[in-house]
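File shown: protein15.cif. Contents: mmCIF, C-alpha atoms and all ligand atoms.
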data_coords
loop_
_atom_site.group_PDB
_atom_site.id
_atom_site.type_symbol
_atom_site.label_atom_id
_atom_site.label_comp_id
_atom_site.auth_asym_id
_atom_site.auth_seq_id
_atom_site.Cartn_x
_atom_site.Cartn_y
_atom_site.Cartn_z
ATOM 1 C CA MET P 8 16.372 5.604 3.443
ATOM 2 C CA SER P 9 13.730 7.662 5.220
ATOM 3 C CA ASP P 10 10.172 6.482 5.657
ATOM 4 C CA ALA P 11 7.508 7.792 3.335
ATOM 5 C CA LEU P 12 4.807 6.369 5.565
ATOM 6 C CA ALA P 13 4.935 4.644 8.943
ATOM 7 C CA ILE P 14 1.987 2.631 10.217
ATOM 8 C CA GLN P 15 2.536 2.233 13.941
ATOM 9 C CA SER P 16 0.699 -0.543 15.687
ATOM 10 C CA ILE P 17 -2.828 0.275 14.550
ATOM 11 C CA ASN P 18 -5.960 -1.526 15.712
ATOM 12 C CA CYS P 19 -9.086 -1.440 13.540
ATOM 13 C CA PHE P 20 -12.532 -2.919 13.955
ATOM 14 C CA TYR P 21 -15.649 -3.471 11.888
ATOM 15 C CA GLY P 22 -18.250 -3.069 14.605
ATOM 16 C CA ASP P 23 -17.079 -5.324 17.424
ATOM 17 C CA VAL P 24 -14.902 -7.488 15.213
ATOM 18 C CA GLN P 25 -11.220 -6.672 15.300
ATOM 19 C CA VAL P 26 -9.611 -6.914 11.853
ATOM 20 C CA LEU P 27 -6.193 -5.252 12.272
ATOM 21 C CA ARG P 28 -4.183 -6.122 15.380
ATOM 22 C CA ASP P 29 -1.144 -4.007 16.234
ATOM 23 C CA PHE P 30 -0.534 -3.745 12.510
ATOM 24 C CA SER P 31 2.737 -2.008 11.670
ATOM 25 C CA LEU P 32 4.375 -1.249 8.344
ATOM 26 C CA ASP P 33 7.132 1.109 7.195
ATOM 27 C CA LEU P 34 7.047 2.273 3.605
ATOM 28 C CA ARG P 35 10.433 3.640 2.611
ATOM 29 C CA ALA P 36 10.748 6.656 0.363
ATOM 30 C CA GLY P 37 10.804 5.615 -3.277
ATOM 31 C CA GLU P 38 10.136 1.918 -2.801
ATOM 32 C CA VAL P 39 7.463 -0.490 -3.971
ATOM 33 C CA LEU P 40 6.303 -2.484 -0.971
ATOM 34 C CA CYS P 41 3.984 -5.374 -1.654
ATOM 35 C CA LEU P 42 1.390 -6.754 0.755
ATOM 36 C CA LEU P 43 0.781 -10.465 0.307
ATOM 37 C CA GLY P 44 -1.617 -12.643 2.226
ATOM 38 C CA ARG P 45 -4.627 -14.876 1.976
ATOM 39 C CA ASN P 46 -8.125 -13.619 1.304
ATOM 40 C CA GLY P 47 -9.510 -11.959 4.408
ATOM 41 C CA ALA P 48 -6.070 -11.371 5.958
ATOM 42 C CA GLY P 49 -6.699 -7.620 6.265
ATOM 43 C CA LYS P 50 -4.795 -6.144 3.298
ATOM 44 C CA THR P 51 -7.659 -4.019 1.988
ATOM 45 C CA THR P 52 -8.522 -2.904 5.495
ATOM 46 C CA ALA P 53 -4.946 -1.710 5.994
ATOM 47 C CA LEU P 54 -5.222 0.492 2.900
ATOM 48 C CA LYS P 55 -8.635 1.783 3.983
ATOM 49 C CA ALA P 56 -7.197 2.637 7.394
ATOM 50 C CA ILE P 57 -4.499 4.756 5.730
ATOM 51 C CA MET P 58 -7.190 6.565 3.724
ATOM 52 C CA GLY P 59 -9.346 7.211 6.790
ATOM 53 C CA LEU P 60 -12.093 4.956 5.432
ATOM 54 C CA VAL P 61 -12.093 2.694 8.478
ATOM 55 C CA PRO P 62 -11.572 4.153 11.947
ATOM 56 C CA VAL P 63 -8.245 3.602 13.666
ATOM 57 C CA ARG P 64 -8.973 2.936 17.316
ATOM 58 C CA SER P 65 -5.356 3.127 18.473
ATOM 59 C CA GLY P 66 -1.929 3.576 16.949
ATOM 60 C CA ALA P 67 -0.753 6.123 14.380
ATOM 61 C CA ILE P 68 -0.166 6.457 10.643
ATOM 62 C CA MET P 69 2.621 8.966 10.112
ATOM 63 C CA LEU P 70 3.184 10.732 6.799
ATOM 64 C CA GLY P 71 6.144 12.864 7.749
ATOM 65 C CA ASP P 72 4.983 14.752 10.831
ATOM 66 C CA VAL P 73 1.289 14.309 10.074
ATOM 67 C CA ASP P 74 -0.735 11.568 11.759
ATOM 68 C CA LEU P 75 -3.177 10.582 9.001
ATOM 69 C CA SER P 76 -5.302 8.633 11.469
ATOM 70 C CA LYS P 77 -6.326 11.968 13.007
ATOM 71 C CA LEU P 78 -7.504 13.420 9.698
ATOM 72 C CA PRO P 79 -10.945 13.145 8.087
ATOM 73 C CA ALA P 80 -10.984 10.947 4.975
ATOM 74 C CA HIS P 81 -11.260 13.877 2.554
ATOM 75 C CA ALA P 82 -8.028 15.375 3.898
ATOM 76 C CA VAL P 83 -5.882 12.299 3.230
ATOM 77 C CA PRO P 84 -5.591 12.737 -0.578
ATOM 78 C CA LYS P 85 -4.858 16.418 -0.006
ATOM 79 C CA ALA P 86 -1.957 15.321 2.198
ATOM 80 C CA GLY P 87 -0.527 13.423 -0.797
ATOM 81 C CA VAL P 88 -1.817 9.846 -0.578
ATOM 82 C CA ALA P 89 -3.591 8.366 -3.615
ATOM 83 C CA TYR P 90 -5.732 5.230 -3.484
ATOM 84 C CA VAL P 91 -6.897 2.911 -6.235
ATOM 85 C CA PRO P 92 -9.460 0.611 -4.592
ATOM 86 C CA GLN P 93 -9.918 -3.041 -5.379
ATOM 87 C CA GLY P 94 -12.351 -3.377 -8.291
ATOM 88 C CA ARG P 95 -11.440 0.129 -9.590
ATOM 89 C CA ARG P 96 -14.420 2.303 -8.820
ATOM 90 C CA LEU P 97 -14.866 4.657 -11.723
ATOM 91 C CA PHE P 98 -17.838 6.804 -12.580
ATOM 92 C CA ALA P 99 -19.014 4.561 -15.413
ATOM 93 C CA GLU P 100 -21.393 7.120 -16.914
ATOM 94 C CA LEU P 101 -18.720 9.800 -17.058
ATOM 95 C CA THR P 102 -16.129 10.112 -19.791
ATOM 96 C CA VAL P 103 -12.433 9.485 -19.362
ATOM 97 C CA ALA P 104 -11.823 13.256 -19.338
ATOM 98 C CA GLU P 105 -14.500 13.819 -16.684
ATOM 99 C CA ASN P 106 -13.071 11.095 -14.458
ATOM 100 C CA LEU P 107 -9.650 12.743 -14.708
ATOM 101 C CA GLU P 108 -11.197 16.129 -13.920
ATOM 102 C CA ILE P 109 -12.541 14.709 -10.647
ATOM 103 C CA GLY P 110 -9.067 13.470 -9.788
ATOM 104 C CA LEU P 111 -7.526 16.862 -10.514
ATOM 105 C CA MET P 112 -10.079 18.707 -8.384
ATOM 106 C CA ALA P 113 -9.193 16.696 -5.280
ATOM 107 C CA ARG P 114 -5.965 18.648 -4.857
ATOM 108 C CA GLY P 115 -6.465 21.639 -7.132
ATOM 109 C CA LYS P 116 -4.189 20.381 -9.916
ATOM 110 C CA GLY P 117 -4.477 21.588 -13.493
ATOM 111 C CA ARG P 118 -3.514 21.100 -17.090
ATOM 112 C CA ALA P 119 0.187 20.377 -16.538
ATOM 113 C CA THR P 120 -0.630 17.494 -14.195
ATOM 114 C CA ARG P 121 -3.221 16.163 -16.624
ATOM 115 C CA GLU P 122 -0.656 16.119 -19.423
ATOM 116 C CA THR P 123 1.932 14.322 -17.275
ATOM 117 C CA VAL P 124 -0.607 11.680 -16.314
ATOM 118 C CA LEU P 125 -1.789 11.192 -19.891
ATOM 119 C CA ASP P 126 1.830 10.764 -20.997
ATOM 120 C CA LEU P 127 1.973 7.732 -18.672
ATOM 121 C CA PHE P 128 -1.178 6.270 -20.251
ATOM 122 C CA PRO P 129 -1.235 7.314 -23.923
ATOM 123 C CA VAL P 130 -4.168 4.998 -24.642
ATOM 124 C CA LEU P 131 -6.377 7.227 -22.482
ATOM 125 C CA ARG P 132 -5.492 10.265 -24.540
ATOM 126 C CA GLU P 133 -7.160 8.606 -27.525
ATOM 127 C CA ARG P 134 -10.307 7.969 -25.513
ATOM 128 C CA LEU P 135 -10.898 11.172 -23.611
ATOM 129 C CA SER P 136 -14.517 11.512 -24.699
ATOM 130 C CA GLN P 137 -15.391 7.817 -24.297
ATOM 131 C CA ARG P 138 -17.653 6.804 -21.401
ATOM 132 C CA SER P 139 -15.433 5.019 -18.919
ATOM 133 C CA GLY P 140 -17.913 2.153 -18.456
ATOM 134 C CA THR P 141 -17.249 1.133 -22.068
ATOM 135 C CA LEU P 142 -13.463 0.804 -21.644
ATOM 136 C CA SER P 143 -11.836 -2.621 -21.440
ATOM 137 C CA GLY P 144 -10.850 -3.916 -18.009
ATOM 138 C CA GLY P 145 -7.221 -2.983 -18.525
ATOM 139 C CA GLU P 146 -8.111 0.487 -19.751
ATOM 140 C CA GLN P 147 -10.379 0.979 -16.751
ATOM 141 C CA GLN P 148 -7.522 0.049 -14.442
ATOM 142 C CA MET P 149 -5.300 2.551 -16.228
ATOM 143 C CA LEU P 150 -7.956 5.232 -15.833
ATOM 144 C CA ALA P 151 -8.355 4.426 -12.145
ATOM 145 C CA MET P 152 -4.595 4.786 -11.704
ATOM 146 C CA ALA P 153 -4.481 7.922 -13.839
ATOM 147 C CA ARG P 154 -7.252 9.517 -11.802
ATOM 148 C CA ALA P 155 -5.410 8.686 -8.578
ATOM 149 C CA LEU P 156 -2.178 10.156 -9.946
ATOM 150 C CA CYS P 157 -3.923 13.462 -10.697
ATOM 151 C CA ILE P 158 -3.199 14.540 -7.120
ATOM 152 C CA GLU P 159 0.565 14.130 -7.703
ATOM 153 C CA PRO P 160 0.860 11.798 -4.712
ATOM 154 C CA GLN P 161 3.957 11.033 -2.672
ATOM 155 C CA VAL P 162 2.376 7.738 -1.700
ATOM 156 C CA LEU P 163 0.262 5.505 -3.947
ATOM 157 C CA LEU P 164 -1.885 2.622 -2.682
ATOM 158 C CA LEU P 165 -2.924 0.001 -5.250
ATOM 159 C CA ASP P 166 -5.308 -2.771 -4.233
ATOM 160 C CA GLU P 167 -5.018 -5.770 -6.560
ATOM 161 C CA PRO P 168 -4.625 -3.694 -9.731
ATOM 162 C CA THR P 169 -3.972 -6.702 -11.957
ATOM 163 C CA GLU P 170 -6.983 -8.732 -10.810
ATOM 164 C CA GLY P 171 -8.766 -10.166 -13.844
ATOM 165 C CA LEU P 172 -6.492 -8.565 -16.445
ATOM 166 C CA MET P 173 -4.808 -10.128 -19.463
ATOM 167 C CA PRO P 174 -1.048 -10.737 -19.177
ATOM 168 C CA SER P 175 -0.232 -7.880 -21.557
ATOM 169 C CA MET P 176 -2.194 -5.466 -19.380
ATOM 170 C CA ILE P 177 -0.579 -6.825 -16.222
ATOM 171 C CA ALA P 178 2.787 -6.017 -17.759
ATOM 172 C CA ARG P 179 1.635 -2.468 -18.546
ATOM 173 C CA ILE P 180 0.480 -1.857 -14.974
ATOM 174 C CA ARG P 181 3.775 -3.197 -13.695
ATOM 175 C CA GLU P 182 5.745 -0.909 -16.029
ATOM 176 C CA THR P 183 3.759 2.057 -14.782
ATOM 177 C CA VAL P 184 4.508 1.249 -11.151
ATOM 178 C CA ALA P 185 8.197 0.987 -12.026
ATOM 179 C CA ALA P 186 8.070 4.302 -13.917
ATOM 180 C CA LEU P 187 6.450 5.998 -10.933
ATOM 181 C CA ARG P 188 9.199 4.735 -8.670
ATOM 182 C CA THR P 189 11.793 6.504 -10.807
ATOM 183 C CA ARG P 190 9.796 9.699 -10.195
ATOM 184 C CA GLY P 191 10.025 9.207 -6.453
ATOM 185 C CA VAL P 192 6.515 7.895 -5.763
ATOM 186 C CA SER P 193 6.395 5.336 -2.932
ATOM 187 C CA THR P 194 3.875 2.565 -3.543
ATOM 188 C CA ILE P 195 2.065 -0.027 -1.466
ATOM 189 C CA LEU P 196 0.900 -2.747 -3.834
ATOM 190 C CA VAL P 197 -1.552 -5.415 -2.711
ATOM 191 C CA GLU P 198 -1.530 -8.601 -4.754
ATOM 192 C CA GLN P 199 -2.675 -12.190 -4.315
ATOM 193 C CA ARG P 200 -0.080 -13.777 -6.543
ATOM 194 C CA VAL P 201 3.596 -13.590 -5.752
ATOM 195 C CA ASP P 202 4.669 -13.866 -9.397
ATOM 196 C CA ALA P 203 2.767 -10.652 -10.104
ATOM 197 C CA VAL P 204 4.902 -8.707 -7.648
ATOM 198 C CA LEU P 205 8.411 -10.131 -7.767
ATOM 199 C CA PRO P 206 9.392 -8.208 -10.907
ATOM 200 C CA VAL P 207 8.380 -4.848 -9.476
ATOM 201 C CA ALA P 208 8.556 -5.003 -5.659
ATOM 202 C CA ASP P 209 11.493 -3.982 -3.475
ATOM 203 C CA ARG P 210 10.134 -5.621 -0.336
ATOM 204 C CA VAL P 211 7.222 -7.844 0.581
ATOM 205 C CA ALA P 212 5.175 -7.793 3.787
ATOM 206 C CA PHE P 213 3.210 -10.915 4.721
ATOM 207 C CA VAL P 214 -0.170 -10.154 6.235
ATOM 208 C CA GLU P 215 -1.889 -12.846 8.245
ATOM 209 C CA ASN P 216 -4.863 -12.576 10.562
ATOM 210 C CA GLY P 217 -4.743 -8.780 10.700
ATOM 211 C CA GLN P 218 -1.034 -8.535 11.433
ATOM 212 C CA ASN P 219 2.096 -7.843 9.458
ATOM 213 C CA ARG P 220 3.973 -11.022 10.343
ATOM 214 C CA ARG P 221 7.160 -10.357 8.474
ATOM 215 C CA THR P 222 8.681 -7.928 5.970
ATOM 216 C CA VAL P 223 11.431 -9.253 3.695
ATOM 217 C CA SER P 224 13.378 -8.041 0.689
ATOM 218 C CA VAL P 225 12.569 -9.583 -2.669
ATOM 219 C CA ASP P 226 16.004 -11.228 -2.630
ATOM 220 C CA GLU P 227 15.232 -12.944 0.683
ATOM 221 C CA LEU P 228 11.934 -14.086 -0.745
ATOM 222 C CA ARG P 229 13.521 -15.583 -3.835
ATOM 223 C CA ALA P 230 15.963 -17.449 -1.614
ATOM 224 C CA ASP P 231 13.194 -18.872 0.571
ATOM 225 C CA PRO P 232 10.074 -19.844 -1.411
ATOM 226 C CA ALA P 233 8.707 -21.613 1.670
ATOM 227 C CA LEU P 234 7.775 -18.159 2.998
ATOM 228 C CA VAL P 235 5.149 -17.769 0.301
ATOM 229 C CA ARG P 236 3.757 -21.248 0.873
ATOM 230 C CA HIS P 237 3.514 -20.504 4.586
ATOM 231 C CA TYR P 238 1.783 -17.134 4.406
ATOM 232 C CA VAL P 239 -0.107 -17.258 1.131
ATOM 233 C CA GLY P 240 -0.599 -20.977 0.515
ATOM 234 C CA VAL P 241 -0.245 -22.657 -2.813
ATOM 235 C CA ASP P 242 -3.108 -22.175 -5.209
HETATM 236 N N1 LIG P 301 -17.188 -3.777 5.625
HETATM 237 C C1 LIG P 301 -16.885 -4.835 6.395
HETATM 238 N N2 LIG P 301 -17.649 -5.179 7.460
HETATM 239 C C2 LIG P 301 -17.330 -6.219 8.246
HETATM 240 N N3 LIG P 301 -16.255 -7.028 8.038
HETATM 241 C C3 LIG P 301 -15.472 -6.756 6.995
HETATM 242 C C4 LIG P 301 -15.734 -5.654 6.106
HETATM 243 N N4 LIG P 301 -14.770 -5.627 5.174
HETATM 244 C C5 LIG P 301 -13.946 -6.670 5.435
HETATM 245 N N5 LIG P 301 -14.357 -7.331 6.540
HETATM 246 C C6 LIG P 301 -13.690 -8.503 7.136
HETATM 247 O O1 LIG P 301 -12.399 -8.089 7.550
HETATM 248 C C7 LIG P 301 -11.442 -9.107 7.298
HETATM 249 C C8 LIG P 301 -10.327 -8.543 6.425
HETATM 250 O O2 LIG P 301 -10.866 -8.225 5.153
HETATM 251 P P1 LIG P 301 -9.996 -7.521 4.025
HETATM 252 O O3 LIG P 301 -9.226 -6.402 4.627
HETATM 253 O O4 LIG P 301 -10.920 -7.184 2.928
HETATM 254 O O5 LIG P 301 -8.997 -8.701 3.611
HETATM 255 P P2 LIG P 301 -8.086 -8.906 2.309
HETATM 256 O O6 LIG P 301 -8.072 -7.617 1.551
HETATM 257 O O7 LIG P 301 -6.743 -9.285 2.849
HETATM 258 O O8 LIG P 301 -8.699 -10.027 1.524
HETATM 259 C C9 LIG P 301 -12.196 -10.269 6.680
HETATM 260 O O9 LIG P 301 -12.501 -11.180 7.696
HETATM 261 C C10 LIG P 301 -13.454 -9.618 6.149
HETATM 262 O O10 LIG P 301 -14.512 -10.522 6.141
HETATM 263 MG MG MG P 302 -8.692 -7.194 -0.393
#

Conversion result in structure tokens:
Amino acid sequence: MSDALAIQSINCFYGDVQVLRDFSLDLRAGEVLCLLGRNGAGKTTALKAIMGLVPVRSGAIMLGDVDLSKLPAHAVPKAGVAYVPQGRRLFAELTVAENLEIGLMARGKGRATRETVLDLFPVLRERLSQRSGTLSGGEQQMLAMARALCIEPQVLLLDEPTEGLMPSMIARIRETVAALRTRGVSTILVEQRVDAVLPVADRVAFVENGQNRRTVSVDELRADPALVRHYVGVD
């Protein structure tokens, strides 16, 4: 399988503090790749680096022939990478429809895209004129994903999308990720809990101290539970 995205040995800093160290990751076309690791390991920073939201001091982030690390942040979604940040930042005062409109504008998409996205999240169709701040947590996560999908991305980055959600909502998010895979979207999914990812991931990368220590298939992971204890700890 070809790579959808190749992170090649990037180094990133907050001020003088180095957070990512020769961090590398290959996302294959059409796969769901999960990043697992303890709090503070650098998972969110890796996603921000892809989006151009933290500077990449050395290394490259290749999307096809394009090095995303050379682009300004506003150009990354236009290149086809969608990002749903941790804590789902919506415009709480705006309606569901207005939030989607902002997503569509980012890459000049229109009505057809909006319909496709709403078909994935029918509950949002019933709430188009509701202020997004008044949605439930699960509905807000769906809206955050829907807004991201309005650019028709090749690559989707999800940072802890199931954090704080009820089990039924977690299942819905998981189903959506699986549905997107059948449409050819490649996804990097950050999660804290391994049981949240096993049903949907193809491979898992263990992030520790700013590095990708090891990437394994889900089958390898099931066969060797000690991997999770080692890299994520038991909690
Ligand atoms: N804006 C920031 N300024 C300075 N340090 C930060 C900032 N964001 C995160 N860090 C630090 O970078 C490290 C990695 O954080 P993060 O990527 O958020 O980890 P994770 O998502 O794996 O929990 C942590 O030590 C964290 O304290
Ligand atoms: Mg994080």

Taking (-1.4, -3.1, 17.8) in the file's coordinates as the center, which residues reach within 9 Å of it, counting all atoms listed in the file, put as a count of residues only? 13

Run through the PyMOL selection byres (((chain P and resi 221-234) around 7) and not hetatm) on the given coordinates and return the selected residues as a list of chain:residue names. P:Leu205, P:Ala208, P:Asp209, P:Arg210, P:Val211, P:Ala212, P:Phe213, P:Asn219, P:Arg220, P:Val235, P:Arg236, P:His237, P:Tyr238

Determine the residue set returned by the PyMOL selection byres (((chain P and resi 169) around 10) and not hetatm) for the present structure, and present it as an MDAnalysis selection string. chainID P and resid 93:94 144:145 148 165:168 170:174 176:181 197:200 203

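Nearest to ligand LIG 301 (chain P) of all the residues P:Ile109, P:Leu163, P:Ala13, P:Ala56 is P:Ala56, counting only C-alpha atoms and all ligand atoms.
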
Please check which protein, DNA or RNA residues sit within 7 Å of ligand MG 302 (chain P), counting only C-alpha atoms and all ligand atoms, and write them as a PyMOL selection string. chain P and resi 46-47+49-51+93+166

Stretch 75-92 of chain P, all listed atoms, 6 Å padding on each side: what axis-aligned box centre and edge lengths in Å to one decimal come out, as JSON?
{"center_x": -5.9, "center_y": 8.5, "center_z": 3.4, "size_x": 22.7, "size_y": 27.8, "size_z": 31.2}

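Here atom CA of P:Leu70 is placed at a distance of 4.8 Å from atom CA of P:Leu12.
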
Resolved residues for the PyMOL selection byres (((chain P and resi 57) around 7) and not hetatm) as a ChimeraX atom specification: /P:53-56,58-59,68,75-76

Neighbouring residues of P:Arg188 were defined as those with any atom within 10 Å, considering all atoms listed in the file; residues of the same chain fewer than 2 positions away were excluded. Please report them as a count of residues only. 15

I'd like the contact shell of P:Val88 - 7 Å cut-off, only C-alpha atoms, skipping same-chain residues fewer than 6 positions apart - returned as a VMD selection string. chain P and resid 160 to 163

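Between P:Leu187 and the residues P:Leu101, P:Leu156, P:Cys41, P:Val24, the shortest atom-to-atom distance, using all atoms listed in the file, involves P:Leu156.
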
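Using all atoms listed in the file, the contacts of P:Glu122 at a cut-off of 10 Å, with sequence neighbours closer than 6 positions omitted, comprise Phe128, Pro129, Arg132 and Cys157 of chain P.
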
d(atom N5 of ligand LIG 301 (chain P), atom CA of P:Ala48) in Å: 9.2 Å

Place a sphere of radius 7 Å on (-10.6, 0.3, -11.9) in the file coordinates and name every protein, DNA or RNA residue with an atom inside or on its surface, counting all atoms listed in the file; give the answer as a PyMOL selection string. chain P and resi 94-97+147-148+150-151

Atom CA of P:Leu125 to atom CA of P:Glu159, straight-line distance in Å: 12.8 Å
